[in-house]
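> Before anything else, here's the structure in question.
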Amino acid sequence: MPRLVSLPPAPEPQEGAVPVRAGPQKFGVDVRPSPIDGQGAFAGEAIAQRRKIGEIRGEAISLQEAQRRARGQARIMIIAVSERRAIDATHSLDPLRFANHSCRPNASLRVRQGRVEFYAMRDVALGEEITVNYGETHHQGRLRCRCGAPGCVGQL
């Protein structure tokens with residue numbers, strides 16, 4: 001199961017911004033302040049269930065280096081893609097790197113052939129925040145979950 005680790009802050013969104021389709025994005029995604037935490041990824045257009053939303057790209061690093069980079073950091077973005085490798089998307093321009101955690105997400109994160117992909121688990125409405133279940137994180141249950149979903153497990 002891929003692990004998603006905290007996200008870095010995004011630049012302030014510009015008023016009237018057009019949905020971003022950076023690189024491998026299949027649907028427009030806006031980055032703006034999130035009621036869950038920090039910045040979030042929001043659907044810039046309606047997304048049908050089971051459709052690929054897009055991907056996150058970044059620097060390929062070892063899990064050992066990923067652990068070193070995560071140590072002492074509150075907001076980083078690293079995804080384990082195998083038992084030996086991870087992708088550090090801290091400096092990526094891909095807007096899906098701002099997808100927040102939810103205990104009842106509307107999207108899933110899948111690793112396929114070393115690629116980090118997002119798929120809609122149900123129809124996602126225009127303007128709705130795109131969320132995924134992070135699974136295991138470097139917080140190891142020490143960070144309070146802020147998703148607010150019914151049945152929230154309360155921690156990451």
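Residues are referred to by chain and number: the chain letter is A, B, ... according to the order shown in the structure tokens, the number counts from 1 in that chain, and ligands are numbered separately from 1 in the order shown.
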For range 117-124 of chain A, work out the shell of residues within 6 Å, counting only C-alpha atoms and skipping chain neighbours fewer than 3 positions away, then give it as a JSON list (two decimals) with C-alpha atoms, in the first residue's frame.

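Saved the output as part_30.json:
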```json
[["chain", "number", "residue", "atom", "x", "y", "z"],
["A", 46, "ALA", "CA", -16.64, 17.30, -12.92],
["A", 47, "ILE", "CA", -14.86, 13.93, -12.79],
["A", 48, "ALA", "CA", -16.69, 10.65, -13.42],
["A", 49, "GLN", "CA", -16.28, 7.63, -11.16],
["A", 50, "ARG", "CA", -13.34, 5.32, -11.98],
["A", 51, "ARG", "CA", -11.67, 7.90, -14.23],
["A", 52, "LYS", "CA", -7.98, 8.64, -13.86],
["A", 53, "ILE", "CA", -7.62, 12.17, -12.49],
["A", 54, "GLY", "CA", -3.88, 12.46, -12.97],
["A", 55, "GLU", "CA", -0.48, 11.72, -11.50],
["A", 106, "ASN", "CA", -13.40, 10.38, -3.08],
["A", 107, "ALA", "CA", -10.22, 9.28, -4.85],
["A", 108, "SER", "CA", -7.69, 6.48, -4.54],
["A", 109, "LEU", "CA", -3.96, 6.64, -4.92],
["A", 110, "ARG", "CA", -2.40, 3.78, -6.90]]
```
> Suppose you want the space between CA of Gly148 in chain A and CA of Cys103 in chain A; what is it in Å?
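CA of Cys103 in chain A lies at a distance of 8.3 Å from CA of Gly148 in chain A.
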> Kindly indicate which residue among A:Ala125, A:Met77, A:Val153, A:Val111 lies nearest to Ser92 in chain A, using only C-alpha atoms for the distances.
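Of all the options, A:Met77 lies closest to Ser92 in chain A.
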> Separation of CA of Ile79 in chain A and CA of Glu129 in chain A, in Å?
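Interatomic distance, CA of Ile79 in chain A to CA of Glu129 in chain A: 20.0 Å.
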> Which residue out of A:Gly40, A:Gly154, A:Pro35, A:Gly28 has the minimum interatomic distance to Ala99 in chain A when only C-alpha atoms are used?
A:Gly40
> Enumerate, as a PyMOL selection string, the complete set of residues in range 22-152 of chain A that a backbone-based DSSP assignment places in strand (DSSP E or B).
chain A and resi 29-33+39-43+47+52-56+59-62+78-80+85-88+100-101+107-112+115-120+124+129-132+144
> Which of range 48-151 of chain A end up as helix (DSSP H, G or I) when DSSP is run on this backbone - answer as a PyMOL selection string?
chain A and resi 63-70+95-98
> Have a look at A:Pro95, A:Gly58, A:Gly151, A:Gly114 and name the one nearest to Arg32 in chain A; count only C-alpha atoms.
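Checking each of A:Pro95, A:Gly58, A:Gly151, A:Gly114 against Arg32 in chain A, counting only C-alpha atoms, the winner is A:Pro95.
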> Between CA of Pro105 in chain A and CA of Gly72 in chain A, what distance in Å does the model show, to one decimal?
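Between these atoms lies a distance of 27.1 Å.
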> Given only C-alpha atoms as the basis, pick out the residue of A:Thr131, A:Asn100, A:Ser62, A:Gln155 nearest to Asp37 in chain A.
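Nearest candidate to Asp37 in chain A out of A:Thr131, A:Asn100, A:Ser62, A:Gln155: A:Asn100.
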> Calculated over only C-alpha atoms, which of the candidates A:Phe27, A:Ile76, A:Ser102, A:Thr90 has the smallest distance to Pro150 in chain A?
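Comparing A:Phe27, A:Ile76, A:Ser102, A:Thr90 against Pro150 in chain A, the winner is A:Ser102.
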